$ cat my_file37.cif   # mmCIF, C-alpha atoms
data_work
loop_
_atom_site.label_atom_id
_atom_site.label_comp_id
_atom_site.auth_asym_id
_atom_site.auth_seq_id
_atom_site.Cartn_x
_atom_site.Cartn_y
_atom_site.Cartn_z
CA MET A 1 45.65 12.11 27.86
CA ASN A 2 45.73 9.93 24.76
CA LEU A 3 42.07 9.69 23.71
CA PHE A 4 42.58 6.37 21.95
CA ASP A 5 43.76 4.86 25.21
CA LYS A 6 40.78 6.43 26.95
CA ALA A 7 38.44 4.83 24.41
CA MET A 8 40.00 1.38 24.91
CA GLY A 9 39.48 1.79 28.65
CA PHE A 10 35.89 3.00 28.20
CA ARG A 11 34.90 0.04 26.04
CA PHE A 12 33.55 -3.02 27.76
CA ALA A 13 30.97 -5.64 26.83
CA CYS A 14 27.92 -3.67 27.92
CA LYS A 15 25.22 -6.10 29.04
CA HIS A 16 22.56 -3.60 30.07
CA PHE A 17 21.58 -0.71 27.84
CA ASP A 18 19.33 2.21 28.64
CA PRO A 19 16.40 1.48 26.30
CA ASN A 20 15.43 5.16 26.27
CA LYS A 21 18.69 6.59 24.96
CA LYS A 22 19.15 6.65 21.21
CA ILE A 23 22.32 7.28 19.23
CA SER A 24 22.04 10.29 16.92
CA GLN A 25 22.27 9.65 13.18
CA ASN A 26 25.36 11.83 13.12
CA ASP A 27 27.17 9.65 15.67
CA LEU A 28 25.99 6.46 13.98
CA ASP A 29 27.30 7.69 10.63
CA PHE A 30 30.68 8.36 12.23
CA ILE A 31 30.82 4.84 13.69
CA LEU A 32 29.79 3.11 10.46
CA ASN A 33 32.13 5.20 8.36
CA GLU A 34 35.13 4.33 10.51
CA ALA A 35 34.21 0.63 10.31
CA ARG A 36 33.99 1.04 6.53
CA ARG A 37 37.56 2.39 6.41
CA SER A 38 38.94 -0.81 7.95
CA PRO A 39 41.52 -2.87 6.11
CA SER A 40 40.44 -6.07 4.37
CA SER A 41 42.35 -8.72 2.47
CA PHE A 42 42.99 -7.51 -1.08
CA GLY A 43 40.67 -4.57 -0.31
CA LEU A 44 37.66 -6.78 -0.91
CA GLU A 45 35.51 -5.30 1.90
CA PRO A 46 33.45 -8.48 2.27
CA TRP A 47 31.06 -6.86 4.77
CA HIS A 48 27.52 -5.56 4.95
CA TYR A 49 25.85 -4.09 8.01
CA LEU A 50 22.17 -4.62 8.81
CA ILE A 51 21.03 -1.91 11.21
CA ILE A 52 18.00 -3.32 12.97
CA GLU A 53 15.96 -0.54 14.46
CA ASN A 54 12.59 -2.23 14.05
CA GLN A 55 11.46 -3.44 17.50
CA GLU A 56 9.15 -6.14 16.21
CA LEU A 57 12.02 -7.75 14.33
CA ARG A 58 14.30 -7.39 17.34
CA GLN A 59 11.76 -9.25 19.47
CA LYS A 60 11.95 -12.08 16.95
CA ILE A 61 15.76 -12.02 16.83
CA ARG A 62 16.19 -12.08 20.60
CA PRO A 63 15.31 -15.78 21.15
CA ALA A 64 17.88 -16.78 18.49
CA CYS A 65 20.45 -14.75 20.45
CA LEU A 66 20.05 -16.77 23.66
CA ASN A 67 17.40 -14.26 24.76
CA GLN A 68 20.00 -11.58 25.54
CA SER A 69 18.35 -8.30 26.56
CA GLN A 70 20.91 -6.25 24.62
CA VAL A 71 19.11 -7.21 21.39
CA THR A 72 15.96 -5.32 22.30
CA ASP A 73 17.30 -2.72 24.76
CA CYS A 74 20.21 -1.24 22.83
CA SER A 75 19.83 1.78 20.60
CA HIS A 76 20.93 0.13 17.34
CA PHE A 77 21.34 -3.59 16.87
CA ILE A 78 23.81 -4.30 14.10
CA ILE A 79 24.19 -7.61 12.31
CA LEU A 80 27.53 -7.83 10.56
CA LEU A 81 27.23 -9.95 7.44
CA SER A 82 30.04 -11.49 5.43
CA ARG A 83 29.89 -12.22 1.72
CA LYS A 84 29.72 -15.88 0.73
CA PRO A 85 32.59 -17.65 -1.12
CA HIS A 86 31.09 -17.35 -4.62
CA PHE A 87 31.92 -13.64 -4.56
CA PHE A 88 35.61 -14.49 -4.39
CA THR A 89 36.00 -17.29 -6.88
CA ALA A 90 37.22 -16.85 -10.46
CA GLY A 91 34.76 -15.07 -12.76
CA SER A 92 32.88 -13.29 -9.96
CA ASP A 93 31.59 -9.86 -10.93
CA TYR A 94 32.16 -8.57 -7.42
CA LEU A 95 35.80 -9.60 -7.54
CA LYS A 96 36.30 -7.95 -10.92
CA GLN A 97 34.49 -4.78 -9.92
CA SER A 98 36.42 -4.50 -6.63
CA PHE A 99 39.82 -5.03 -8.24
CA ALA A 100 38.97 -2.71 -11.14
CA ARG A 101 38.94 0.22 -8.70
CA ASN A 102 42.70 -0.21 -8.36
CA TYR A 103 43.76 -1.03 -11.89
CA GLU A 104 43.27 1.21 -14.88
CA ASP A 105 44.38 -1.11 -17.64
CA THR A 106 42.91 -4.52 -18.37
CA ASP A 107 46.22 -6.38 -18.40
CA ALA A 108 47.12 -5.29 -14.89
CA LEU A 109 43.58 -6.09 -13.73
CA ASN A 110 43.69 -9.59 -15.20
CA LYS A 111 47.10 -10.21 -13.69
CA ALA A 112 45.81 -9.19 -10.26
CA LEU A 113 42.74 -11.41 -10.64
CA THR A 114 44.91 -14.39 -11.57
CA MET A 115 47.17 -13.67 -8.61
CA PHE A 116 44.21 -13.58 -6.24
CA ASP A 117 42.85 -16.80 -7.67
CA GLY A 118 46.15 -18.49 -6.91
CA PHE A 119 46.08 -17.01 -3.42
CA GLN A 120 42.58 -18.22 -2.63
CA LYS A 121 43.22 -21.67 -4.06
CA HIS A 122 46.65 -22.38 -2.66
CA HIS A 123 47.47 -20.12 0.25
CA LEU A 124 44.23 -19.62 2.08
CA LYS A 125 44.18 -22.08 4.93
CA PRO A 126 40.89 -20.91 6.42
CA ASP A 127 38.09 -21.61 3.97
CA LEU A 128 36.72 -18.64 2.05
CA GLU A 129 33.67 -18.28 4.29
CA ASN A 130 35.74 -18.04 7.48
CA TRP A 131 38.34 -15.89 5.73
CA ALA A 132 35.59 -13.41 4.77
CA LYS A 133 34.30 -13.44 8.34
CA MET A 134 37.79 -12.64 9.66
CA GLN A 135 37.81 -9.47 7.56
CA VAL A 136 34.41 -8.56 8.99
CA TYR A 137 35.85 -8.95 12.49
CA LEU A 138 38.50 -6.34 11.59
CA SER A 139 35.77 -3.86 10.71
CA GLY A 140 33.75 -4.83 13.79
CA ALA A 141 36.71 -4.07 16.06
CA ASN A 142 37.07 -0.60 14.57
CA MET A 143 33.30 -0.13 14.84
CA MET A 144 33.41 -0.74 18.59
CA THR A 145 36.53 1.36 19.13
CA ALA A 146 35.08 4.23 17.07
CA ALA A 147 31.91 4.07 19.19
CA ALA A 148 33.93 4.09 22.42
CA TYR A 149 35.94 7.05 21.14
CA ILE A 150 32.77 9.16 21.14
CA GLY A 151 31.38 7.73 24.38
CA ILE A 152 29.04 5.12 22.94
CA ASP A 153 28.82 1.63 24.43
CA SER A 154 28.80 -1.65 22.59
CA CYS A 155 28.41 -5.36 23.14
CA PRO A 156 29.84 -7.85 20.65
CA ILE A 157 27.50 -10.85 20.39
CA GLU A 158 28.43 -14.29 19.12
CA GLY A 159 26.05 -16.10 21.44
CA PHE A 160 23.40 -17.10 18.95
CA ASP A 161 22.39 -19.98 16.79
CA TYR A 162 23.74 -19.14 13.33
CA ASN A 163 21.18 -21.24 11.49
CA ASP A 164 18.23 -19.87 13.47
CA LEU A 165 19.34 -16.31 12.93
CA GLU A 166 20.07 -16.73 9.23
CA ASN A 167 16.77 -18.52 8.67
CA LEU A 168 14.91 -15.80 10.52
CA LEU A 169 16.57 -13.06 8.46
CA SER A 170 15.80 -14.81 5.20
CA THR A 171 12.11 -15.11 6.04
CA GLN A 172 11.80 -11.59 7.45
CA LEU A 173 13.93 -9.54 5.06
CA ALA A 174 13.32 -9.43 1.33
CA ASN A 175 16.93 -8.42 0.65
CA PHE A 176 18.73 -11.02 2.79
CA ASN A 177 19.76 -14.09 0.85
CA LYS A 178 21.55 -16.97 2.57
CA ASP A 179 23.31 -17.80 -0.69
CA ASP A 180 24.99 -14.41 -0.68
CA TYR A 181 25.53 -13.57 2.98
CA ALA A 182 26.37 -15.26 6.26
CA VAL A 183 26.12 -13.75 9.73
CA ALA A 184 29.63 -13.04 11.04
CA PHE A 185 28.65 -11.59 14.41
CA CYS A 186 26.47 -8.89 15.96
CA ILE A 187 27.16 -5.66 17.79
CA ALA A 188 24.65 -3.92 20.05
CA LEU A 189 25.28 -0.17 20.26
CA GLY A 190 23.84 2.25 22.79
CA TYR A 191 24.31 3.68 26.25
CA ARG A 192 25.07 1.72 29.40
CA ASN A 193 22.65 1.96 32.33
CA TYR A 194 24.96 0.51 34.97
CA GLN A 195 28.53 0.85 36.16
CA GLN A 196 31.30 -0.45 33.95
CA THR A 197 32.73 -3.78 35.03
CA PRO A 198 36.52 -3.92 35.60
CA GLN A 199 38.67 -4.68 32.55
CA ILE A 200 40.43 -7.99 33.16
CA ARG A 201 43.30 -8.96 30.87
CA TYR A 202 46.38 -11.15 30.99
CA PRO A 203 49.50 -9.01 31.48
CA LEU A 204 51.45 -8.00 28.40
CA GLU A 205 54.44 -10.16 29.39
CA GLN A 206 52.25 -13.25 29.13
CA ILE A 207 50.97 -12.59 25.64
CA VAL A 208 54.10 -11.23 23.98
CA THR A 209 57.32 -13.03 23.01
CA TYR A 210 60.23 -11.07 21.58
CA ILE A 211 62.62 -12.76 19.17
CA LYS A 212 65.57 -10.39 19.13
CA MET B 1 39.58 17.40 14.09
CA ASN B 2 38.60 14.00 15.45
CA LEU B 3 41.93 12.18 15.87
CA PHE B 4 40.34 8.75 15.50
CA ASP B 5 39.07 9.73 12.08
CA LYS B 6 42.52 11.10 11.26
CA ALA B 7 44.07 7.76 12.25
CA MET B 8 41.67 5.79 10.05
CA GLY B 9 42.60 8.04 7.15
CA PHE B 10 46.32 7.74 7.89
CA ARG B 11 46.25 3.93 7.92
CA PHE B 12 46.81 2.13 4.66
CA ALA B 13 48.45 -1.16 3.73
CA CYS B 14 52.02 0.13 3.66
CA LYS B 15 54.00 -1.92 1.14
CA HIS B 16 57.35 -0.13 1.45
CA PHE B 17 58.91 0.58 4.81
CA ASP B 18 61.95 2.67 5.60
CA PRO B 19 64.35 -0.03 6.84
CA ASN B 20 66.31 2.53 8.85
CA LYS B 21 63.48 3.84 11.03
CA LYS B 22 62.72 1.91 14.18
CA ILE B 23 59.69 2.17 16.45
CA SER B 24 60.60 3.15 20.01
CA GLN B 25 59.88 0.64 22.75
CA ASN B 26 57.54 3.17 24.30
CA ASP B 27 55.42 3.41 21.16
CA LEU B 28 55.50 -0.35 20.65
CA ASP B 29 54.29 -0.89 24.21
CA PHE B 30 51.40 1.48 23.57
CA ILE B 31 50.39 -0.41 20.41
CA LEU B 32 50.61 -3.85 22.02
CA ASN B 33 48.78 -2.72 25.12
CA GLU B 34 45.86 -1.36 23.13
CA ALA B 35 45.67 -4.61 21.15
CA ARG B 36 45.66 -6.46 24.46
CA ARG B 37 42.62 -4.48 25.63
CA SER B 38 40.53 -5.71 22.69
CA PRO B 39 37.32 -7.62 23.28
CA SER B 40 37.28 -11.38 22.83
CA SER B 41 34.54 -13.96 23.07
CA PHE B 42 33.95 -14.82 26.75
CA GLY B 43 37.06 -12.77 27.54
CA LEU B 44 39.27 -15.68 26.53
CA GLU B 45 41.99 -13.58 24.86
CA PRO B 46 43.10 -16.41 22.58
CA TRP B 47 46.05 -14.44 21.22
CA HIS B 48 49.82 -14.33 21.48
CA TYR B 49 52.10 -11.94 19.64
CA LEU B 50 55.54 -12.95 18.36
CA ILE B 51 57.60 -9.83 17.80
CA ILE B 52 60.24 -10.80 15.28
CA GLU B 53 63.14 -8.37 15.45
CA ASN B 54 65.84 -10.89 14.50
CA GLN B 55 66.87 -10.20 10.90
CA GLU B 56 68.19 -13.69 10.24
CA LEU B 57 64.82 -15.18 11.15
CA ARG B 58 63.01 -12.58 9.06
CA GLN B 59 65.10 -13.54 6.04
CA LYS B 60 63.88 -17.09 6.57
CA ILE B 61 60.26 -16.04 7.03
CA ARG B 62 60.18 -13.85 3.92
CA PRO B 63 60.01 -16.67 1.32
CA ALA B 64 57.05 -18.22 3.19
CA CYS B 65 55.34 -14.82 2.94
CA LEU B 66 55.45 -14.70 -0.87
CA ASN B 67 58.77 -12.87 -0.61
CA GLN B 68 57.12 -9.62 0.47
CA SER B 69 59.72 -6.97 1.34
CA GLN B 70 57.68 -5.73 4.31
CA VAL B 71 58.83 -8.79 6.27
CA THR B 72 62.47 -7.70 6.30
CA ASP B 73 62.15 -3.91 5.85
CA CYS B 74 59.60 -3.03 8.52
CA SER B 75 60.63 -2.02 12.02
CA HIS B 76 58.83 -4.82 13.89
CA PHE B 77 57.35 -7.88 12.22
CA ILE B 78 54.53 -9.29 14.33
CA ILE B 79 53.07 -12.75 13.98
CA LEU B 80 49.66 -12.94 15.60
CA LEU B 81 49.06 -16.42 16.95
CA SER B 82 45.77 -17.96 18.00
CA ARG B 83 45.37 -20.63 20.62
CA LYS B 84 44.40 -24.08 19.38
CA PRO B 85 41.00 -25.69 20.15
CA HIS B 86 42.20 -27.84 23.06
CA PHE B 87 42.47 -24.69 25.18
CA PHE B 88 38.70 -24.20 24.90
CA THR B 89 37.32 -27.66 25.42
CA ALA B 90 35.97 -28.99 28.72
CA GLY B 91 38.62 -29.59 31.37
CA SER B 92 41.16 -27.16 29.91
CA ASP B 93 43.28 -25.41 32.51
CA TYR B 94 43.42 -22.26 30.40
CA LEU B 95 39.63 -22.12 30.25
CA LYS B 96 39.32 -22.58 34.00
CA GLN B 97 42.03 -20.06 34.79
CA SER B 98 40.58 -17.45 32.41
CA PHE B 99 37.04 -17.80 33.74
CA ALA B 100 38.25 -17.86 37.35
CA ARG B 101 39.33 -14.22 36.99
CA ASN B 102 35.64 -13.30 36.79
CA TYR B 103 34.07 -15.61 39.35
CA GLU B 104 34.90 -15.68 43.00
CA ASP B 105 32.95 -18.73 44.07
CA THR B 106 33.30 -22.22 42.63
CA ASP B 107 29.61 -22.71 41.92
CA ALA B 108 29.40 -19.65 39.71
CA LEU B 109 32.65 -20.62 38.00
CA ASN B 110 31.43 -24.13 37.26
CA LYS B 111 28.12 -22.79 35.98
CA ALA B 112 29.96 -20.46 33.61
CA LEU B 113 32.22 -23.28 32.40
CA THR B 114 29.22 -25.49 31.68
CA MET B 115 27.54 -22.62 29.86
CA PHE B 116 30.61 -22.07 27.69
CA ASP B 117 30.85 -25.77 26.95
CA GLY B 118 27.29 -25.72 25.66
CA PHE B 119 28.10 -22.64 23.61
CA GLN B 120 31.17 -24.12 21.97
CA LYS B 121 29.42 -27.44 21.29
CA HIS B 122 26.08 -26.22 20.03
CA HIS B 123 26.19 -22.60 18.99
CA LEU B 124 29.60 -22.11 17.45
CA LYS B 125 29.21 -22.46 13.70
CA PRO B 126 32.84 -21.65 12.84
CA ASP B 127 35.08 -24.35 14.23
CA LEU B 128 37.06 -23.53 17.36
CA GLU B 129 40.29 -22.84 15.45
CA ASN B 130 38.66 -20.29 13.15
CA TRP B 131 36.63 -18.86 16.04
CA ALA B 132 39.87 -18.24 17.96
CA LYS B 133 41.41 -16.62 14.89
CA MET B 134 38.43 -14.28 14.55
CA GLN B 135 39.12 -12.99 18.07
CA VAL B 136 42.75 -12.45 17.10
CA TYR B 137 41.57 -10.38 14.12
CA LEU B 138 39.71 -8.11 16.57
CA SER B 139 42.94 -7.44 18.44
CA GLY B 140 44.87 -7.04 15.18
CA ALA B 141 42.47 -4.34 14.00
CA ASN B 142 42.97 -2.38 17.20
CA MET B 143 46.73 -2.92 16.91
CA MET B 144 46.78 -1.27 13.49
CA THR B 145 44.45 1.55 14.50
CA ALA B 146 46.46 2.23 17.66
CA ALA B 147 49.62 2.39 15.55
CA ALA B 148 48.00 4.78 13.07
CA TYR B 149 46.81 6.94 15.98
CA ILE B 150 50.43 7.67 16.86
CA GLY B 151 51.63 7.98 13.26
CA ILE B 152 53.00 4.49 12.78
CA ASP B 153 52.35 2.55 9.59
CA SER B 154 51.27 -1.04 9.26
CA CYS B 155 50.65 -3.73 6.70
CA PRO B 156 48.36 -6.66 7.48
CA ILE B 157 49.71 -9.80 5.82
CA GLU B 158 47.73 -12.93 5.02
CA GLY B 159 49.68 -13.73 1.87
CA PHE B 160 51.71 -16.65 3.13
CA ASP B 161 51.67 -20.37 3.21
CA TYR B 162 50.33 -21.29 6.64
CA ASN B 163 52.00 -24.68 6.75
CA ASP B 164 55.37 -23.34 5.62
CA LEU B 165 55.28 -20.54 8.16
CA GLU B 166 54.13 -22.73 11.04
CA ASN B 167 56.72 -25.38 10.20
CA LEU B 168 59.43 -22.76 10.04
CA LEU B 169 58.44 -21.31 13.42
CA SER B 170 58.40 -24.72 15.05
CA THR B 171 61.91 -25.53 13.86
CA GLN B 172 63.33 -22.08 14.65
CA LEU B 173 61.66 -21.22 17.95
CA ALA B 174 61.93 -23.38 21.02
CA ASN B 175 58.72 -21.97 22.48
CA PHE B 176 56.47 -22.28 19.44
CA ASN B 177 54.44 -25.46 19.39
CA LYS B 178 52.05 -26.23 16.52
CA ASP B 179 49.84 -28.21 18.90
CA ASP B 180 49.20 -25.08 20.94
CA TYR B 181 49.26 -22.22 18.45
CA ALA B 182 48.28 -21.48 14.87
CA VAL B 183 49.26 -18.43 12.85
CA ALA B 184 46.22 -16.14 12.48
CA PHE B 185 47.87 -13.40 10.41
CA CYS B 186 50.85 -11.06 10.45
CA ILE B 187 51.27 -7.32 10.83
CA ALA B 188 54.35 -5.42 9.70
CA LEU B 189 54.86 -2.20 11.70
CA GLY B 190 57.15 0.69 10.86
CA TYR B 191 57.40 3.88 8.83
CA ARG B 192 56.41 4.34 5.18
CA ASN B 193 59.04 5.49 2.73
CA TYR B 194 56.63 6.47 -0.06
CA GLN B 195 53.47 8.43 -0.52
CA GLN B 196 50.25 6.96 0.82
CA THR B 197 48.02 5.39 -1.82
CA PRO B 198 44.42 6.68 -2.01
CA GLN B 199 41.88 4.99 0.26
CA ILE B 200 39.32 3.25 -1.95
CA ARG B 201 36.10 2.03 -0.36
CA TYR B 202 32.55 1.25 -1.41
CA PRO B 203 30.24 4.09 -0.33
CA LEU B 204 28.38 3.71 2.96
CA GLU B 205 25.00 3.42 1.19
CA GLN B 206 26.18 0.25 -0.53
CA ILE B 207 27.28 -1.54 2.60
CA VAL B 208 24.52 -0.54 5.03
CA THR B 209 20.87 -1.56 5.08
CA TYR B 210 18.51 -0.02 7.64
CA ILE B 211 15.53 -2.00 8.85
CA LYS B 212 13.37 0.66 10.49
#

$ encode --input "my_file37.cif" --output "structure tokens"
Amino acid sequence: MNLFDKAMGFRFACKHFDPNKKISQNDLDFILNEARRSPSSFGLEPWHYLIIENQELRQKIRPACLNQSQVTDCSHFIILLSRKPHFFTAGSDYLKQSFARNYEDTDALNKALTMFDGFQKHHLKPDLENWAKMQVYLSGANMMTAAAYIGIDSCPIEGFDYNDLENLLSTQLANFNKDDYAVAFCIALGYRNYQQTPQIRYPLEQIVTYIK
Amino acid sequence: MNLFDKAMGFRFACKHFDPNKKISQNDLDFILNEARRSPSSFGLEPWHYLIIENQELRQKIRPACLNQSQVTDCSHFIILLSRKPHFFTAGSDYLKQSFARNYEDTDALNKALTMFDGFQKHHLKPDLENWAKMQVYLSGANMMTAAAYIGIDSCPIEGFDYNDLENLLSTQLANFNKDDYAVAFCIALGYRNYQQTPQIRYPLEQIVTYIK
């Protein structure tokens, strides 16, 4: 049996986690590393993962997340952050440093930076903040699939008040700065303590159109 | 060896495809089916995939995509569409029909619809169009990873003029309507005809913060 297919069948939005089962550091490293290897536009990797293990902080986060029990009951609660637009505008150190990994000589680097600047100014229909978040969603998808591949459950969470959550993080965490990061979405990771609900999807014929 | 890890190492943004190698329908079905099984907010699956095989149309699309050769040289050029906001606002048939798959009685269905309406009005910081696109990115990530799992290359493409591409699709395709769908991004699928470039990523320590 194709194990990728098995993983996609195993994954569901797990609403009830066993609060006593913890993911090993080894497994967590695997999951985070696979997320890290995700594609991103221009290889800019505009993501950062906050792994909230601290229960006191989770109790504070839970009300901002519509009081969902996954926040406190999962093994690892992950907040996926996206970098703010200033990292991607002309002159940004992050932009230069990221591109420099791919270009050895300065001319080629500067040409690539100019090209990107044109791209972000003229071709990017979503604004830079949403564009960065979209890249983070790519890595979040691989995070959940990687987890499922090794039998670990997940629940993607968008049901929260963005302002409440970002304000809470900026008061509680010394290294979270709202000027630099936005919350893209959250993923609770852990082990289910109930039976998987059936996977309901529209049939392939309804979501695919061939132009031959 | 963990085959998921192997797939994530195999995947890279393939810039040069072998124009003579075609993906079998069997493999394509696998890839599309796995994308279809992706999670989406409230299970709303706001995606549709246009599989552009027609070479004449691809020649027309290529200039809108910054003339990238992947558009014409890949085996299957996929345009990932996202549903427009009107599908997710109160009273939408699509919303009702999608939710109805999960709720047998009308009371529970109506309660869920009201809940979602509150969510989209009050909690959704990204606008509905970008929110829908973010879900499409989840499915696109799984599409590329599924392809890599079976040795098929991909290139995610955002480098295009959204208006040009959407206008082109609406004049060329009878069943594409700009009022109903937006282009989220594109994925070229096929087989590389050059050596894979090295995978460059920031180290895990730089993109992860633990709050213990």

$ atom_distance --input "my_file37.cif" --atom1 "atom CA of A:Asp18" --atom2 "atom CA of A:Asp73"
6.6 Å

$ atom_distance --input "my_file37.cif" --atom1 "atom CA of A:Phe185" --atom2 "atom CA of A:Leu169"
13.5 Å

$ interface_residues --input "my_file37.cif" --of "chain A" --to "chain B" --cutoff "6 Å" --atoms "all atoms listed in the file" --output "count of residues only"
19

$ residues_around --input "my_file37.cif" --residues "A:Phe17" --least-positions-apart "2" --cutoff "10 Å" --atoms "only C-alpha atoms" --output "PDB file with C-alpha atoms, keeping the file's coordinate frame"
ATOM      1  CA  CYS A  14      27.920  -3.670  27.920  1.00  0.00           C
ATOM      2  CA  LYS A  15      25.220  -6.100  29.040  1.00  0.00           C
ATOM      3  CA  PRO A  19      16.400   1.480  26.300  1.00  0.00           C
ATOM      4  CA  ASN A  20      15.430   5.160  26.270  1.00  0.00           C
ATOM      5  CA  LYS A  21      18.690   6.590  24.960  1.00  0.00           C
ATOM      6  CA  SER A  69      18.350  -8.300  26.560  1.00  0.00           C
ATOM      7  CA  GLN A  70      20.910  -6.250  24.620  1.00  0.00           C
ATOM      8  CA  VAL A  71      19.110  -7.210  21.390  1.00  0.00           C
ATOM      9  CA  THR A  72      15.960  -5.320  22.300  1.00  0.00           C
ATOM     10  CA  ASP A  73      17.300  -2.720  24.760  1.00  0.00           C
ATOM     11  CA  CYS A  74      20.210  -1.240  22.830  1.00  0.00           C
ATOM     12  CA  SER A  75      19.830   1.780  20.600  1.00  0.00           C
ATOM     13  CA  ASP A 153      28.820   1.630  24.430  1.00  0.00           C
ATOM     14  CA  SER A 154      28.800  -1.650  22.590  1.00  0.00           C
ATOM     15  CA  CYS A 155      28.410  -5.360  23.140  1.00  0.00           C
ATOM     16  CA  ALA A 188      24.650  -3.920  20.050  1.00  0.00           C
ATOM     17  CA  LEU A 189      25.280  -0.170  20.260  1.00  0.00           C
ATOM     18  CA  GLY A 190      23.840   2.250  22.790  1.00  0.00           C
ATOM     19  CA  TYR A 191      24.310   3.680  26.250  1.00  0.00           C
ATOM     20  CA  ARG A 192      25.070   1.720  29.400  1.00  0.00           C
ATOM     21  CA  ASN A 193      22.650   1.960  32.330  1.00  0.00           C
ATOM     22  CA  TYR A 194      24.960   0.510  34.970  1.00  0.00           C
TER      23      TYR A 194
END

$ atom_distance --input "my_file37.cif" --atom1 "atom CA of B:Leu165" --atom2 "atom CA of B:Arg83"
15.9 Å

$ residues_near_point --input "my_file37.cif" --point "(23.5, -17.4, -1.5)" --cutoff "10 Å" --atoms "all atoms listed in the file" --output "list in words"
Arg83, Lys84, Pro85, His86, Phe87, Phe176, Asn177, Lys178, Asp179, Asp180, Tyr181 and Ala182 of chain A
